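> What follows is model-v5.csv; its format and atoms are CSV, C-alpha atoms.
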chain,number,residue,atom,x,y,z
H,13,MET,CA,90.4,46.0,-151.2
H,14,LYS,CA,88.0,46.7,-148.4
H,15,ARG,CA,86.2,49.2,-150.6
H,16,ILE,CA,86.0,46.8,-153.5
H,17,ARG,CA,84.6,44.0,-151.2
H,18,HIS,CA,82.0,46.5,-149.9
H,19,ILE,CA,80.9,47.5,-153.4
H,20,SER,CA,80.7,43.9,-154.5
H,21,LYS,CA,78.5,43.0,-151.5
H,22,GLN,CA,76.1,45.8,-152.3
H,23,SER,CA,75.8,44.7,-155.9
H,24,ASN,CA,74.8,41.3,-154.8
H,25,PRO,CA,71.0,41.2,-155.3
H,26,ALA,CA,70.4,38.6,-152.6
H,27,GLU,CA,72.4,40.6,-150.1
H,28,LYS,CA,70.6,43.8,-151.1
H,29,ARG,CA,67.2,42.0,-150.5
H,30,ARG,CA,68.4,40.9,-147.1
H,31,SER,CA,69.5,44.4,-146.2
H,32,ASP,CA,66.2,46.0,-147.4
H,33,PHE,CA,64.3,43.4,-145.5
H,34,ARG,CA,66.2,44.1,-142.3
H,35,ASP,CA,65.5,47.8,-142.7
H,36,LYS,CA,61.8,47.1,-143.3
H,37,ILE,CA,61.7,44.8,-140.2
H,38,ALA,CA,63.5,47.4,-138.1
H,39,SER,CA,61.0,50.2,-139.2
H,40,ARG,CA,58.0,48.0,-138.3
H,41,ALA,CA,56.1,50.1,-140.8
H,42,GLU,CA,52.3,49.8,-140.5
H,43,SER,CA,50.8,49.3,-143.9
H,44,PHE,CA,47.3,48.4,-142.8
H,45,LEU,CA,45.2,51.6,-143.1
H,46,VAL,CA,41.8,52.4,-141.5
H,47,PRO,CA,39.1,54.6,-142.9
H,48,GLY,CA,39.1,58.2,-141.7
H,49,ASN,CA,37.5,58.8,-138.2
H,50,TYR,CA,37.2,55.0,-137.7
H,51,PHE,CA,38.6,55.1,-134.1
H,52,ASP,CA,36.6,58.2,-133.3
H,53,GLU,CA,33.3,56.5,-134.2
H,54,LEU,CA,34.0,53.0,-133.1
H,55,PRO,CA,33.3,53.5,-129.3
H,56,GLN,CA,29.8,55.0,-130.1
H,57,ARG,CA,29.0,52.2,-132.5
H,58,ILE,CA,29.8,49.7,-129.8
H,59,MET,CA,27.7,51.5,-127.2
H,60,ASP,CA,24.8,51.7,-129.7
H,61,ARG,CA,25.0,47.9,-130.2
H,62,ILE,CA,25.0,47.3,-126.4
H,63,SER,CA,21.9,49.5,-126.1
H,64,ALA,CA,20.2,47.7,-129.0
H,65,ASP,CA,21.0,44.3,-127.5
H,66,ALA,CA,19.7,45.4,-124.1
H,67,GLN,CA,16.4,46.6,-125.7
H,68,LYS,CA,16.1,43.3,-127.6
H,69,LYS,CA,16.5,41.3,-124.4
H,70,GLN,CA,13.8,43.4,-122.7
H,71,GLU,CA,11.3,42.9,-125.6
H,72,ASN,CA,12.1,39.2,-125.9
H,73,PRO,CA,13.2,37.9,-122.6
H,74,GLN,CA,15.3,34.8,-122.8
H,75,PRO,CA,13.8,31.9,-120.8
H,76,SER,CA,15.8,30.8,-117.8
H,77,HIS,CA,18.0,27.8,-118.2
H,78,LEU,CA,15.6,25.7,-116.1
H,79,LEU,CA,12.6,26.7,-118.1
H,80,ARG,CA,14.5,25.9,-121.3
H,81,ARG,CA,15.2,22.4,-120.1
H,82,VAL,CA,11.5,21.9,-119.3
H,83,TRP,CA,10.6,23.0,-122.8
H,84,ILE,CA,13.1,20.7,-124.4
H,85,ALA,CA,11.9,17.7,-122.3
H,86,THR,CA,8.2,18.5,-123.2
H,87,ALA,CA,9.1,18.8,-126.9
H,88,ALA,CA,10.9,15.4,-126.7
H,89,VAL,CA,7.9,13.7,-125.0
H,90,ALA,CA,5.5,15.3,-127.6
H,91,ALA,CA,7.7,14.1,-130.5
H,92,ILE,CA,7.8,10.5,-129.1
H,93,ALA,CA,4.0,10.6,-128.6
H,94,VAL,CA,3.4,11.7,-132.2
H,95,ILE,CA,5.7,9.0,-133.6
H,96,PHE,CA,3.9,6.4,-131.4
H,97,MET,CA,0.5,7.5,-132.7
H,98,MET,CA,1.7,7.4,-136.3
H,99,THR,CA,2.8,3.8,-135.9
H,100,GLN,CA,-0.7,3.0,-134.7
H,101,ILE,CA,-2.3,4.5,-137.9
H,102,VAL,CA,-0.3,2.6,-140.4
H,103,PRO,CA,-2.2,-0.7,-141.2
H,104,THR,CA,-0.6,-3.9,-139.8
H,105,ALA,CA,-1.8,-7.4,-140.0
H,106,ASN,CA,-4.1,-6.9,-136.9
H,107,SER,CA,-5.1,-3.4,-137.5
H,108,PRO,CA,-8.9,-2.6,-137.6
H,109,ILE,CA,-8.6,-1.0,-141.0
H,110,LEU,CA,-7.4,-4.1,-142.8
H,111,ASN,CA,-9.8,-6.4,-140.8
H,112,SER,CA,-12.8,-4.6,-142.3
H,113,ASN,CA,-11.5,-5.4,-145.8
H,114,LYS,CA,-11.1,-9.0,-144.9
H,115,ALA,CA,-14.7,-9.2,-143.7
H,116,ALA,CA,-15.8,-8.9,-147.3
H,117,ASN,CA,-14.0,-12.1,-148.1
H,118,LEU,CA,-14.8,-14.2,-145.1
H,119,SER,CA,-17.5,-16.4,-146.7
H,120,ALA,CA,-15.9,-19.4,-148.6
H,121,ASP,CA,-18.7,-19.7,-151.2
H,122,TYR,CA,-19.2,-16.0,-152.2
H,123,ASP,CA,-19.1,-15.2,-155.9
H,124,GLN,CA,-15.9,-13.4,-156.8
H,125,THR,CA,-17.6,-11.3,-159.4
H,126,TYR,CA,-20.1,-9.9,-156.8
H,127,ALA,CA,-17.2,-9.3,-154.4
H,128,ASP,CA,-15.4,-7.3,-157.0
H,129,GLU,CA,-18.6,-5.3,-157.6
H,130,ALA,CA,-19.0,-4.7,-153.9
H,131,MET,CA,-15.5,-3.4,-153.6
H,132,LEU,CA,-16.0,-1.1,-156.5
H,133,LEU,CA,-19.2,0.1,-154.8
H,134,GLU,CA,-17.3,1.0,-151.6
H,135,GLU,CA,-15.6,3.9,-153.6
H,136,ASN,CA,-17.6,7.1,-153.4
H,137,GLU,CA,-17.2,7.8,-157.1
H,138,ILE,CA,-18.9,4.5,-158.1
H,139,THR,CA,-22.7,4.4,-157.6
H,140,ASP,CA,-25.3,1.8,-158.5
H,141,LYS,CA,-26.0,3.7,-161.6
H,142,ASP,CA,-22.4,3.5,-162.6
H,143,VAL,CA,-22.3,-0.2,-162.0
H,144,SER,CA,-25.5,-0.9,-163.9
H,145,ALA,CA,-24.0,1.1,-166.7
H,146,ILE,CA,-21.1,-1.3,-167.0
H,147,ASP,CA,-21.9,-3.6,-169.8
H,148,PHE,CA,-20.2,-6.8,-168.7
H,149,GLU,CA,-21.3,-8.7,-171.7
H,150,THR,CA,-19.7,-6.2,-174.0
H,151,ILE,CA,-16.5,-6.2,-171.9
H,152,GLY,CA,-16.6,-10.0,-172.0
H,153,ILE,CA,-17.0,-10.0,-175.8
H,154,ALA,CA,-14.2,-7.4,-176.2
H,155,LEU,CA,-11.7,-9.6,-174.2
H,156,SER,CA,-9.8,-12.3,-175.9
H,157,SER,CA,-11.3,-15.0,-173.8
H,158,SER,CA,-13.2,-17.6,-175.9
H,159,ASP,CA,-15.7,-18.1,-173.1
H,160,THR,CA,-17.8,-14.9,-173.2
H,161,THR,CA,-20.0,-15.9,-170.2
H,162,SER,CA,-17.2,-16.3,-167.7
H,163,VAL,CA,-15.0,-13.3,-167.7
H,164,THR,CA,-12.3,-13.4,-165.1
H,165,THR,CA,-11.4,-10.5,-162.8
H,166,GLU,CA,-8.0,-10.3,-164.4
H,167,GLU,CA,-9.5,-9.9,-167.8
H,168,ILE,CA,-11.8,-7.1,-166.6
H,169,ILE,CA,-8.9,-5.3,-165.0
H,170,LYS,CA,-6.8,-5.6,-168.2
H,171,TYR,CA,-9.7,-4.3,-170.3
H,172,LEU,CA,-10.3,-1.4,-168.0
H,173,LEU,CA,-6.6,-0.5,-167.8
H,174,ASP,CA,-6.4,-0.5,-171.6
H,175,GLU,CA,-9.3,1.9,-171.5
H,176,ASN,CA,-7.4,4.2,-169.2
H,177,TYR,CA,-9.6,3.7,-166.2
H,178,ASP,CA,-8.6,4.7,-162.7
H,179,SER,CA,-5.8,2.2,-161.9
H,180,GLY,CA,-5.8,3.3,-158.2
H,181,LEU,CA,-9.4,1.9,-158.0
H,182,LEU,CA,-8.4,-1.2,-159.7
H,183,ALA,CA,-5.5,-1.8,-157.3
H,184,GLU,CA,-8.0,-2.5,-154.6
H,185,LEU,CA,-9.4,-5.5,-156.5
W,11,MET,CA,44.4,60.5,-123.7
W,12,ALA,CA,46.0,59.5,-120.4
W,13,GLU,CA,45.5,55.8,-119.7
W,14,LEU,CA,43.5,54.8,-116.7
W,15,SER,CA,44.8,52.0,-114.5
W,16,ASP,CA,43.1,48.7,-114.5
W,17,GLN,CA,42.0,49.2,-110.9
W,18,HIS,CA,40.5,52.6,-111.6
W,19,LEU,CA,38.6,51.3,-114.7
W,20,LEU,CA,37.3,48.3,-112.7
W,21,ASP,CA,36.1,50.5,-109.9
W,22,LEU,CA,34.2,52.7,-112.3
W,23,LEU,CA,32.8,49.6,-114.1
W,24,ARG,CA,31.5,48.1,-110.9
W,25,LYS,CA,29.2,51.0,-110.3
W,26,GLU,CA,25.9,51.1,-112.2
W,27,GLU,CA,25.9,54.9,-112.7
W,28,THR,CA,29.5,55.0,-114.1
W,29,ARG,CA,29.6,51.7,-116.0
W,30,ARG,CA,28.8,52.9,-119.5
W,31,TYR,CA,31.1,55.9,-119.1
W,32,ALA,CA,33.9,53.6,-117.9
W,33,PHE,CA,33.3,51.2,-120.7
W,34,ASP,CA,33.5,53.9,-123.2
W,35,LEU,CA,36.9,54.9,-121.7
W,36,LEU,CA,38.0,51.2,-121.9
W,37,VAL,CA,37.1,51.0,-125.5
W,38,ARG,CA,39.0,54.2,-126.4
W,39,GLN,CA,42.0,53.0,-124.4
W,40,TYR,CA,42.3,49.6,-126.1
W,41,GLN,CA,40.6,49.8,-129.4
W,42,GLN,CA,43.7,50.6,-131.5
W,43,ARG,CA,45.8,47.8,-130.1
W,44,ILE,CA,43.0,45.3,-130.4
W,45,TYR,CA,42.2,46.4,-133.9
W,46,ARG,CA,45.8,46.0,-135.0
W,47,HIS,CA,46.2,42.7,-133.4
W,48,VAL,CA,43.0,41.4,-135.1
W,49,ARG,CA,43.8,43.0,-138.5
W,50,HIS,CA,47.2,41.4,-138.7
W,51,MET,CA,45.4,38.0,-138.3
W,52,VAL,CA,42.5,38.5,-140.6
W,53,ILE,CA,43.8,41.1,-143.1
W,54,HIS,CA,40.4,42.5,-144.2
W,55,HIS,CA,39.3,45.7,-142.6
W,56,ASP,CA,35.6,44.8,-142.7
W,57,ASP,CA,36.2,41.4,-141.0
W,58,THR,CA,38.4,43.2,-138.4
W,59,ASP,CA,35.7,45.7,-137.7
W,60,ASP,CA,33.1,43.0,-137.0
W,61,ILE,CA,35.5,41.0,-134.8
W,62,VAL,CA,36.6,44.1,-132.8
W,63,GLN,CA,32.9,45.0,-132.1
W,64,ASN,CA,32.2,41.4,-131.1
W,65,VAL,CA,35.2,41.4,-128.8
W,66,PHE,CA,34.1,44.5,-126.9
W,67,LEU,CA,30.5,43.2,-126.7
W,68,LYS,CA,31.8,40.1,-125.1
W,69,VAL,CA,33.9,42.1,-122.7
W,70,TRP,CA,30.8,44.1,-121.8
W,71,ASN,CA,28.6,41.0,-121.3
W,72,ASN,CA,31.3,39.1,-119.3
W,73,LEU,CA,32.6,41.9,-117.1
W,74,SER,CA,31.1,40.2,-114.0
W,75,ALA,CA,33.0,37.0,-114.9
W,76,PHE,CA,36.4,38.8,-115.0
W,77,ARG,CA,38.3,37.4,-112.1
W,78,GLU,CA,40.9,40.1,-111.8
W,79,ASP,CA,43.7,37.5,-111.5
W,80,ALA,CA,45.1,38.8,-114.8
W,81,LYS,CA,45.5,42.3,-116.3
W,82,LEU,CA,42.4,43.7,-118.0
W,83,TYR,CA,44.4,44.1,-121.2
W,84,THR,CA,45.5,40.5,-121.1
W,85,TRP,CA,41.9,39.4,-120.8
W,86,ILE,CA,40.7,41.5,-123.6
W,87,TYR,CA,43.6,40.5,-125.8
W,88,ARG,CA,42.8,36.8,-125.1
W,89,ILE,CA,39.2,37.3,-126.2
W,90,ALA,CA,40.4,39.1,-129.3
W,91,THR,CA,42.8,36.3,-130.1
W,92,ASN,CA,40.1,33.6,-129.8
W,93,GLU,CA,37.6,35.6,-131.8
W,94,ALA,CA,40.2,36.1,-134.6
W,95,LEU,CA,41.1,32.4,-134.7
W,96,SER,CA,37.5,31.3,-134.6
W,97,HIS,CA,36.7,33.7,-137.4
W,98,LEU,CA,39.4,32.3,-139.6
W,99,LYS,CA,38.4,28.7,-138.9
W,100,SER,CA,34.7,29.5,-139.5
W,101,LYS,CA,35.5,31.3,-142.8
W,102,ARG,CA,37.6,28.4,-144.0
W,103,LEU,CA,34.9,25.8,-143.1
W,104,LYS,CA,32.0,27.9,-144.5
W,105,MET,CA,33.7,28.3,-147.9
W,106,PHE,CA,35.1,24.7,-147.9
W,107,LEU,CA,38.6,26.0,-148.3
W,108,SER,CA,41.8,24.1,-147.5
W,109,PHE,CA,44.5,25.9,-145.6
W,110,ASN,CA,46.4,26.6,-148.8
W,111,GLU,CA,43.3,28.1,-150.5
W,112,MET,CA,42.6,30.2,-147.5
W,113,GLU,CA,46.2,31.5,-147.5
W,114,LYS,CA,45.9,32.4,-151.2
W,115,GLN,CA,42.7,34.2,-150.6
W,116,MET,CA,44.2,36.3,-147.9
W,117,GLU,CA,47.3,37.0,-150.1
W,118,GLN,CA,44.9,38.2,-152.8
W,119,ALA,CA,43.2,40.4,-150.3
W,120,LEU,CA,46.5,42.2,-149.7
W,121,HIS,CA,46.6,43.2,-153.4
W,122,ASP,CA,42.9,44.1,-153.6
W,123,ASP,CA,42.4,45.8,-150.3
W,124,ASN,CA,42.1,49.6,-150.5
W,125,TYR,CA,43.2,49.9,-146.9
W,126,PHE,CA,46.6,48.3,-147.5
W,127,SER,CA,49.4,50.7,-148.6
W,128,GLY,CA,52.5,48.4,-148.4
W,129,ASP,CA,55.3,48.5,-150.9
W,130,GLU,CA,56.7,45.3,-152.6
W,131,ILE,CA,58.7,44.3,-149.6
W,132,GLU,CA,55.8,44.8,-147.2
W,133,ILE,CA,53.6,42.7,-149.4
W,134,LYS,CA,56.2,40.0,-149.5
W,135,LEU,CA,56.5,40.3,-145.7
W,136,GLN,CA,52.8,39.8,-145.3
W,137,GLN,CA,52.8,36.9,-147.7
W,138,ALA,CA,55.6,35.3,-145.7
W,139,ILE,CA,53.6,35.8,-142.5
W,140,LEU,CA,50.5,34.4,-144.1
W,141,LYS,CA,52.4,31.2,-144.9
W,142,LEU,CA,53.0,30.5,-141.2
W,143,PRO,CA,50.6,28.2,-139.4
W,144,ALA,CA,47.9,30.3,-137.6
W,145,LYS,CA,49.4,30.0,-134.1
W,146,GLN,CA,52.9,30.7,-135.2
W,147,ARG,CA,51.6,33.7,-137.1
W,148,LEU,CA,49.9,34.9,-134.0
W,149,VAL,CA,53.1,34.7,-132.0
W,150,PHE,CA,55.1,36.5,-134.7
W,151,ASN,CA,52.5,39.3,-135.0
W,152,MET,CA,52.3,39.7,-131.2
W,153,ARG,CA,56.1,39.9,-130.9
W,154,TYR,CA,56.9,41.8,-134.0
W,155,TYR,CA,54.0,44.3,-134.4
W,156,ASN,CA,52.6,44.5,-130.9
W,157,GLU,CA,56.0,44.3,-129.2
W,158,LEU,CA,54.6,42.2,-126.3
W,159,SER,CA,57.0,40.6,-123.9
W,160,TYR,CA,57.2,36.8,-123.8
W,161,ASP,CA,55.7,36.9,-120.3
W,162,GLU,CA,52.7,38.9,-121.6
W,163,MET,CA,52.3,36.6,-124.5
W,164,SER,CA,52.5,33.6,-122.2
W,165,ALA,CA,49.7,35.0,-120.0
W,166,ILE,CA,47.5,35.6,-123.1
W,167,LEU,CA,48.1,32.3,-124.9
W,168,GLY,CA,48.7,30.0,-122.0
W,169,THR,CA,51.9,28.8,-123.4
W,170,SER,CA,55.3,28.9,-121.7
W,171,ALA,CA,57.7,31.8,-122.5
W,172,GLY,CA,60.3,29.3,-123.7
W,173,ALA,CA,58.0,27.7,-126.2
W,174,LEU,CA,57.0,31.1,-127.5
W,175,LYS,CA,60.6,32.2,-127.9
W,176,ALA,CA,61.3,29.0,-130.0
W,177,SER,CA,58.1,29.6,-132.0
W,178,TYR,CA,59.1,33.2,-132.7
W,179,HIS,CA,62.6,32.3,-133.7
W,180,PHE,CA,61.4,29.7,-136.2
W,181,ALA,CA,58.7,32.0,-137.5
W,182,ALA,CA,61.2,34.9,-138.0
W,183,LYS,CA,63.6,32.5,-139.9
W,184,LYS,CA,60.9,31.3,-142.2
W,185,VAL,CA,59.8,34.9,-142.9
W,186,GLU,CA,63.3,36.1,-143.7
W,187,LYS,CA,64.0,33.1,-145.9
W,188,TYR,CA,60.8,33.7,-147.9
W,189,VAL,CA,61.3,37.4,-148.4
W,190,THR,CA,64.9,37.1,-149.4
W,191,THR,CA,64.3,34.2,-151.8
W,192,HIS,CA,61.1,35.4,-153.6
Re-express the file's structure as structure tokens.

Amino acid sequence: MKRIRHISKQSNPAEKRRSDFRDKIASRAESFLVPGNYFDELPQRIMDRISADAQKKQENPQPSHLLRRVWIATAAVAAIAVIFMMTQIVPTANSPILNSNKAANLSADYDQTYADEAMLLEENEITDKDVSAIDFETIGIALSSSDTTSVTTEEIIKYLLDENYDSGLLAEL
Amino acid sequence: MAELSDQHLLDLLRKEETRRYAFDLLVRQYQQRIYRHVRHMVIHHDDTDDIVQNVFLKVWNNLSAFREDAKLYTWIYRIATNEALSHLKSKRLKMFLSFNEMEKQMEQALHDDNYFSGDEIEIKLQQAILKLPAKQRLVFNMRYYNELSYDEMSAILGTSAGALKASYHFAAKKVEKYVTTH
């Protein structure tokens, strides 16, 4: 009876797996392999790295902690100064850049057409010759306005845009 | 090679003229144990090689900080443990892997690795160990493969021996259950 029970236990797959597992656990077999001569060469490779690091430190000395903090503080102050200066360059309501543009429109009785011409003339690309070449009468006739002698700025802009003129220039009008 | 005592090694390491020689001896003395410890955690030989080198570099750079209130081996082992755990965490984050995906990747590495010679049971055993949480896996490996005492493990991990015993007990149960049911 004992023998039969023993045989039946062995034939039980789960029991066999448990038994194999226990044998494996008991053997503590090492299945992780290493390349040949690995441990013979490793100490030298580590010493070589130490020498290389020491050489690098000699060539590029690390700044001391105090010096590093000074550099960081200086960089922070410089960054703040740059940001502050950039805020001064961007035109605001009171900035000198916009005020010079306003000067062109101070007089209440100036002729809008001449003001437009003046603004066109401020651009380097537009010269007196260019302006005299503009045939305002032709432009006026080309526009849909019934009054050919009083062409509005908007009508001129629309005409020039349709003719693919520099819209950036026109944006200043 | 006969092992040098901690005291002997430290005496040699303190002198400028013998420091490199002593460090070479230290590496030769502990390299295999450190390598096996790390390898069981990270599986890949190449990753293990990188980590082991970094461990000994850290030991070299921090020799002056070693307080001698613990054994030299315990200290080196602790550095190796932290480096291995950091490596696993960093790898998982760099590749945006979840814990499960990381575990699957490492299981795959067992099959693909030329430097793994395990049979079917050994593969299952490693798979079971990989399924353990990282710290529990660490405890299992230290006890099972490295045969460290609970007191030694406690000194390395900063956890009580009782907690480590419980951790190992549960880990071993999980591993046995996995191997015998898969």
> Do you have the atom CA of Ile86 of chain W-atom CA of Lys104 of chain W distance handy?
26.4 Å
> Taking all atoms listed in the file into account, what are the residues of chain W at most 6 Å from chain H, put as a PyMOL selection string?
chain W and resi 37+125-128+190
> In terms of the shortest atom-to-atom distance over all atoms listed in the file, which of W:Tyr160, W:Phe150, W:Tyr155, W:Tyr87 is closest to Phe180 of chain W?
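Among W:Tyr160, W:Phe150, W:Tyr155, W:Tyr87, it is W:Phe150 that comes nearest to Phe180 of chain W.
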> Compute the distance from (36.2, 54.1, -120.3) to each atom, counting all atoms listed in the file, keep the residues with any atom at most 12 Å away, and return them as a ChimeraX atom specification; use the coordinates of the file.
/H:55-56,59 /W:11-16,18-23,28-41,66,70
> Suppose you want the space between atom CA of Val48 of chain W and atom CA of His192 of chain W; what is it in Å?
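Atom CA of His192 of chain W lies 26.6 Å from atom CA of Val48 of chain W.
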> May I ask for the distance between atom CA of Arg153 of chain W and atom CA of His179 of chain W, given in Å to one decimal place?
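Value for the atom CA of Arg153 of chain W-atom CA of His179 of chain W distance: 10.4 Å.
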> Compile the contact shell of Ser177 of chain W as a list in words: residues with an atom at most 10 Å away, counting all atoms listed in the file, same-chain residues fewer than 2 positions apart removed.
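Within the cut-off, the hits are Lys145, Gln146, Arg147, Leu148, Val149, Phe150, Ala171, Gly172, Ala173, Leu174, Lys175, His179, Phe180, Ala181 and Ala182 of chain W.
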> Show which residues sit within 8 Å of Asn156 of chain W, as a list of chain:residue names. Count only C-alpha atoms, and ignore same-chain residues fewer than 3 positions away.
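Residues near the query, excluding close chain neighbours: W:Arg43, W:His47, W:Asn151, W:Met152, W:Arg153.
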> Between W:Ala75, W:Ala90, W:Ala144, W:Glu27, which one has atoms that come closest to Arg46 of chain W, using only C-alpha atoms?
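Answer, going by the shortest atom-to-atom distance: W:Ala90.
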